[in-house]
file final_6.txt (compact mmCIF, C-alpha atoms)
# COMPACT_ATOMS: atom_id res chain seq x y z
CA MET A 1 261.07 164.98 301.93
CA ASP A 2 259.38 167.18 304.51
CA MET A 3 261.76 169.94 303.43
CA VAL A 4 261.25 169.78 299.67
CA TYR A 5 257.44 169.52 299.66
CA PRO A 6 256.83 173.02 301.09
CA ALA A 7 259.26 174.48 298.53
CA LEU A 8 257.53 172.66 295.66
CA MET A 9 254.08 173.66 296.83
CA ILE A 10 254.96 177.34 297.09
CA ALA A 11 256.81 177.24 293.76
CA THR A 12 254.00 175.58 291.78
CA THR A 13 251.35 177.82 293.32
CA GLY A 14 253.45 180.93 292.65
CA ALA A 15 253.75 179.89 289.00
CA THR A 16 249.97 179.51 288.65
CA MET A 17 249.60 183.05 289.99
CA GLY A 18 251.70 184.40 287.17
CA LYS A 19 254.90 184.84 289.14
CA GLU A 20 258.34 184.08 287.79
CA VAL A 21 259.65 181.31 290.04
CA HIS A 22 263.19 180.05 290.50
CA MET A 23 264.29 177.27 292.83
CA PHE A 24 267.91 177.11 293.90
CA PHE A 25 269.17 173.86 295.43
CA THR A 26 272.21 173.96 297.73
CA PHE A 27 273.91 171.63 300.20
CA TRP A 28 271.62 168.88 301.45
CA GLY A 29 268.86 170.40 299.39
CA LEU A 30 270.70 169.18 296.31
CA SER A 31 269.91 165.56 297.15
CA ALA A 32 266.26 166.46 296.44
CA VAL A 33 267.20 166.79 292.77
CA ASP A 34 269.49 163.77 292.63
CA LYS A 35 268.06 161.27 290.10
CA LYS A 36 268.70 158.33 292.41
CA LYS A 37 267.26 159.94 295.53
CA VAL A 38 264.37 162.07 294.29
CA GLY A 39 261.92 159.18 294.39
CA SER A 40 262.92 157.98 297.83
CA LEU A 41 263.43 161.07 299.99
CA LYS A 42 263.05 160.49 303.72
CA VAL A 43 261.62 162.18 306.75
CA ALA A 44 264.27 162.30 309.47
CA PRO A 45 262.77 162.17 312.96
CA VAL A 46 266.08 162.96 314.72
CA GLY A 47 266.49 166.68 315.31
CA ASN A 48 263.04 167.32 313.93
CA PRO A 49 261.13 169.36 316.51
CA GLY A 50 257.82 168.71 314.76
CA MET A 51 257.76 164.99 315.55
CA PRO A 52 255.01 164.03 317.97
CA MET A 53 257.31 161.97 320.21
CA PRO A 54 260.42 162.40 322.39
CA ASN A 55 263.25 163.27 320.02
CA ILE A 56 265.62 160.60 321.31
CA LEU A 57 263.27 157.87 320.03
CA GLY A 58 264.19 159.02 316.52
CA MET A 59 267.55 157.31 316.99
CA ILE A 60 265.98 153.86 317.18
CA PRO A 61 266.75 151.95 313.94
CA GLY A 62 263.75 151.89 311.63
CA MET A 63 262.25 155.14 312.90
CA THR A 64 263.21 157.08 309.77
CA ALA A 65 261.62 154.44 307.56
CA MET A 66 258.51 154.49 309.71
CA ALA A 67 258.18 158.28 309.70
CA THR A 68 258.72 158.29 305.93
CA ARG A 69 256.12 155.60 305.38
CA MET A 70 253.60 157.48 307.49
CA MET A 71 254.20 160.76 305.66
CA ASN A 72 253.94 159.06 302.24
CA GLY A 73 250.66 157.45 303.24
CA ARG A 74 249.17 160.71 304.44
CA MET A 75 250.37 162.56 301.35
CA ALA A 76 248.77 159.97 299.05
CA LYS A 77 245.53 160.24 301.01
CA ALA A 78 245.48 164.02 300.49
CA LYS A 79 246.16 163.33 296.77
CA VAL A 80 249.42 165.28 296.92
CA PRO A 81 251.54 164.15 293.95
CA SER A 82 254.88 162.42 294.61
CA VAL A 83 258.06 164.52 294.67
CA PRO A 84 259.15 163.50 291.12
CA GLU A 85 255.63 164.28 289.86
CA MET A 86 255.73 167.66 291.61
CA PHE A 87 259.02 168.49 289.87
CA LYS A 88 257.48 167.62 286.48
CA MET A 89 254.46 169.77 287.28
CA ALA A 90 256.66 172.66 288.43
CA LYS A 91 258.61 172.57 285.15
CA ASP A 92 255.42 172.38 283.15
CA LEU A 93 254.19 175.51 284.93
CA GLY A 94 257.39 177.37 284.08
CA VAL A 95 259.33 177.09 287.34
CA GLN A 96 263.08 177.24 286.72
CA LEU A 97 265.38 174.96 288.69
CA HIS A 98 268.98 175.81 289.48
CA ALA A 99 271.67 173.72 291.13
CA CYS A 100 274.46 175.22 293.27
CA SER A 101 277.89 174.79 291.70
CA THR A 102 279.80 174.83 295.00
CA THR A 103 277.69 172.06 296.48
CA MET A 104 278.21 169.94 293.38
CA GLU A 105 281.98 170.38 293.64
CA VAL A 106 282.18 169.81 297.41
CA MET A 107 279.98 166.74 297.35
CA GLY A 108 281.31 165.40 294.05
CA ILE A 109 277.98 165.49 292.25
CA PRO A 110 278.21 165.72 288.44
CA LYS A 111 275.34 167.38 286.54
CA GLU A 112 274.44 164.06 284.89
CA THR A 113 273.29 162.65 288.21
CA LEU A 114 270.74 165.43 288.66
CA ILE A 115 267.17 165.15 287.40
CA ASP A 116 266.51 166.32 283.84
CA GLU A 117 264.31 169.14 285.12
CA ILE A 118 267.36 171.09 286.35
CA ASP A 119 267.90 174.05 284.00
CA ASP A 120 271.44 175.02 284.91
CA VAL A 121 274.26 175.11 287.42
CA VAL A 122 274.76 178.54 288.94
CA GLY A 123 276.23 180.40 291.91
CA ALA A 124 274.80 182.57 294.65
CA ALA A 125 275.27 185.79 292.68
CA THR A 126 273.05 184.50 289.88
CA MET A 127 270.41 183.44 292.36
CA LEU A 128 270.45 186.75 294.20
CA SER A 129 270.19 188.70 290.98
CA LEU A 130 267.29 186.53 289.81
CA GLY A 131 265.56 187.16 293.12
CA GLU A 132 266.15 190.88 293.10
CA GLY A 133 262.95 192.82 293.46
CA GLY A 134 261.05 189.66 294.32
CA GLN A 135 260.55 187.56 297.39
CA ILE A 136 263.22 185.14 298.47
CA ILE A 137 262.03 182.25 300.62
CA PHE A 138 264.67 180.11 302.28
CA ILE A 139 263.63 176.59 303.26
CA MET B 1 238.31 184.12 269.83
CA SER B 2 235.57 181.53 269.55
CA ALA B 3 232.02 182.82 269.80
CA VAL B 4 230.77 180.06 272.07
CA SER B 5 232.02 180.21 275.62
CA GLN B 6 232.43 177.00 277.54
CA HIS B 7 231.51 175.90 281.01
CA LYS B 8 234.00 173.44 282.42
CA VAL B 9 233.71 171.49 285.64
CA VAL B 10 236.96 170.61 287.39
CA ASP B 11 236.65 168.08 290.20
CA SER B 12 239.39 168.51 292.82
CA ARG B 13 237.49 166.90 295.64
CA GLY B 14 239.75 164.99 298.01
CA SER B 15 242.81 166.94 296.94
CA PHE B 16 244.57 169.54 299.09
CA CYS B 17 246.79 172.56 298.47
CA PRO B 18 248.20 173.00 295.88
CA GLY B 19 245.95 170.46 294.09
CA PRO B 20 242.83 172.60 293.57
CA ILE B 21 244.82 175.59 292.32
CA THR B 22 246.97 173.57 289.95
CA ASP B 23 243.85 171.75 288.64
CA LEU B 24 242.14 175.12 288.13
CA PHE B 25 245.23 176.48 286.41
CA LYS B 26 245.39 173.55 283.99
CA ALA B 27 241.77 174.22 283.00
CA TYR B 28 242.54 177.94 282.76
CA ARG B 29 245.41 177.30 280.37
CA SER B 30 243.13 175.56 277.89
CA SER B 31 240.36 178.17 278.28
CA GLN B 32 239.44 181.30 276.42
CA VAL B 33 238.20 184.65 277.67
CA GLY B 34 234.52 184.29 278.47
CA ASP B 35 234.74 180.66 279.58
CA VAL B 36 233.50 179.69 283.02
CA ILE B 37 235.30 177.16 285.19
CA GLU B 38 233.51 175.48 288.04
CA LEU B 39 235.89 174.02 290.61
CA LEU B 40 234.64 171.40 293.06
CA ALA B 41 236.75 171.16 296.20
CA THR B 42 236.80 169.71 299.69
CA ASP B 43 239.99 171.51 300.74
CA PRO B 44 238.99 174.16 303.31
CA ALA B 45 241.71 176.44 301.90
CA ALA B 46 240.32 176.32 298.36
CA LYS B 47 237.92 179.27 298.68
CA ALA B 48 240.53 181.70 299.98
CA ASP B 49 243.18 180.36 297.60
CA VAL B 50 241.00 180.68 294.50
CA THR B 51 239.94 184.18 295.58
CA ALA B 52 243.62 185.16 295.85
CA TRP B 53 244.41 183.48 292.53
CA ALA B 54 241.57 185.26 290.72
CA GLN B 55 242.59 188.62 292.14
CA ARG B 56 246.20 188.12 291.22
CA SER B 57 245.55 186.78 287.71
CA GLY B 58 242.84 189.32 286.86
CA ASN B 59 240.00 186.83 286.58
CA GLU B 60 236.57 187.08 288.14
CA LEU B 61 235.24 185.01 291.02
CA LEU B 62 231.53 184.75 290.20
CA ASP B 63 230.22 182.71 293.09
CA THR B 64 230.98 180.16 295.77
CA ILE B 65 228.27 177.69 296.68
CA ASP B 66 228.43 175.45 299.73
CA GLU B 67 227.23 171.96 298.96
CA GLN B 68 226.97 168.95 301.25
CA GLY B 69 230.61 168.28 302.16
CA TYR B 70 232.21 170.30 299.39
CA ILE B 71 232.25 173.71 297.79
CA ARG B 72 231.58 174.86 294.21
CA ILE B 73 233.72 177.80 293.17
CA ILE B 74 232.74 179.50 289.92
CA VAL B 75 235.37 181.52 288.11
CA LYS B 76 234.92 183.49 284.91
CA ILE B 77 237.95 183.84 282.69
CA THR B 78 238.24 187.53 281.97
CA LYS B 79 241.92 187.74 281.32
CA LYS B 80 244.37 185.45 279.63
CA ARG B 81 248.08 185.80 279.72
CA SER B 82 250.18 184.08 277.12
call {"tool": "encode", "arguments": {"input": "final_6.txt", "output": "structure tokens"}}
result
Amino acid sequence: MDMVYPALMIATTGATMGKEVHMFFTFWGLSAVDKKKVGSLKVAPVGNPGMPMPNILGMIPGMTAMATRMMNGRMAKAKVPSVPEMFKMAKDLGVQLHACSTTMEVMGIPKETLIDEIDDVVGAATMLSLGEGGQIIFI
Amino acid sequence: MSAVSQHKVVDSRGSFCPGPITDLFKAYRSSQVGDVIELLATDPAAKADVTAWAQRSGNELLDTIDEQGYIRIIVKITKKRS
């Protein structure tokens, strides 16, 4: 969740500024656009250097749920829309969403399990050519 | 183009980036050249963000007024893209 929010924020803002915006989801990033997971993405405290506590504590059962609950609460307080709402908004603003074909094959994810906002399934060459001449931000 | 220009107030108080910009943009989409949008915001980034947005989209930042605990940002729509 803490990975997909920055991407969605930059994408929606870019679209309001008249930029053509494409989002390309690969590897673990693809779970952000999985219908079943999009509404319940987590914040993982293990291996996350931004957590305000010793990292090893992240391994205690329940810590992921707690970190996620805290982040959700703070996001709601700042009136930041939920991840599924952000995807709807992004689409409405003209952002185009692409899923990585290799990831789908490797992880056994059919297109039907992805959220309806996904435009197509493409490869790296398509993404690089779409990004040519523009800025590519890797999150 | 309609002869009467409108003055819209968009209240984004309590909402943070990208809230104010997306709220402004929604109002912008339903506006016409000549309309004025007044954005109310508590996000400290709103002033700089709206300035950047106006510059980039070719619209005019008329004024920013500091109120008690929030800011009023007045934008005139001078350019519409389809």
call {"tool": "interface_residues", "arguments": {"input": "final_6.txt", "of": "chain A", "to": "chain B", "cutoff": "8 Å", "atoms": "only C-alpha atoms", "output": "ChimeraX atom specification"}}
result
/A:9,12-13,16-18,78-80
call {"tool": "atom_distance", "arguments": {"input": "final_6.txt", "atom1": "CA of Ala65 in chain A", "atom2": "CA of Asn48 in chain A"}}
result
14.4 Å
call {"tool": "atom_distance", "arguments": {"input": "final_6.txt", "atom1": "CA of Gly69 in chain B", "atom2": "CA of Thr42 in chain B"}}
result
6.8 Å
call {"tool": "closest_residue", "arguments": {"input": "final_6.txt", "among": "A:Glu117, A:Lys36, A:Phe27, A:Gly73", "to": "Leu93 in chain A", "atoms": "only C-alpha atoms"}}
result
A:Glu117
call {"tool": "atom_distance", "arguments": {"input": "final_6.txt", "atom1": "CA of Ile37 in chain B", "atom2": "CA of Ile77 in chain B"}}
result
7.6 Å
call {"tool": "decode", "arguments": {"input": "final_6.txt", "residues": "range 90-115 of chain A", "atoms": "C-alpha atoms", "output": "mmCIF file, in the first residue's frame"}}
result
data_model
loop_
_atom_site.group_PDB
_atom_site.id
_atom_site.type_symbol
_atom_site.label_atom_id
_atom_site.label_comp_id
_atom_site.auth_asym_id
_atom_site.auth_seq_id
_atom_site.Cartn_x
_atom_site.Cartn_y
_atom_site.Cartn_z
ATOM 1 C CA ALA A 90 -6.796 8.019 -12.250
ATOM 2 C CA LYS A 91 -8.792 6.389 -15.054
ATOM 3 C CA ASP A 92 -11.278 9.231 -15.059
ATOM 4 C CA LEU A 93 -8.395 11.679 -15.493
ATOM 5 C CA GLY A 94 -7.065 9.723 -18.467
ATOM 6 C CA VAL A 95 -4.241 7.728 -16.872
ATOM 7 C CA GLN A 96 -3.610 4.494 -18.767
ATOM 8 C CA LEU A 97 -2.862 1.324 -16.836
ATOM 9 C CA HIS A 98 -0.780 -1.517 -18.219
ATOM 10 C CA ALA A 99 -0.051 -4.942 -16.762
ATOM 11 C CA CYS A 100 3.213 -6.817 -17.387
ATOM 12 C CA SER A 101 2.696 -10.002 -19.404
ATOM 13 C CA THR A 102 5.731 -11.817 -17.986
ATOM 14 C CA THR A 103 4.615 -11.278 -14.402
ATOM 15 C CA MET A 104 1.156 -12.581 -15.233
ATOM 16 C CA GLU A 105 2.634 -15.734 -16.751
ATOM 17 C CA VAL A 106 5.193 -16.336 -13.990
ATOM 18 C CA MET A 107 2.719 -15.787 -11.183
ATOM 19 C CA GLY A 108 -0.208 -17.436 -12.960
ATOM 20 C CA ILE A 109 -2.420 -14.359 -12.957
ATOM 21 C CA PRO A 110 -5.101 -14.292 -15.689
ATOM 22 C CA LYS A 111 -6.314 -10.900 -16.961
ATOM 23 C CA GLU A 112 -9.789 -11.547 -15.517
ATOM 24 C CA THR A 113 -8.437 -11.313 -11.989
ATOM 25 C CA LEU A 114 -7.125 -7.799 -12.579
ATOM 26 C CA ILE A 115 -9.209 -4.704 -11.889
#
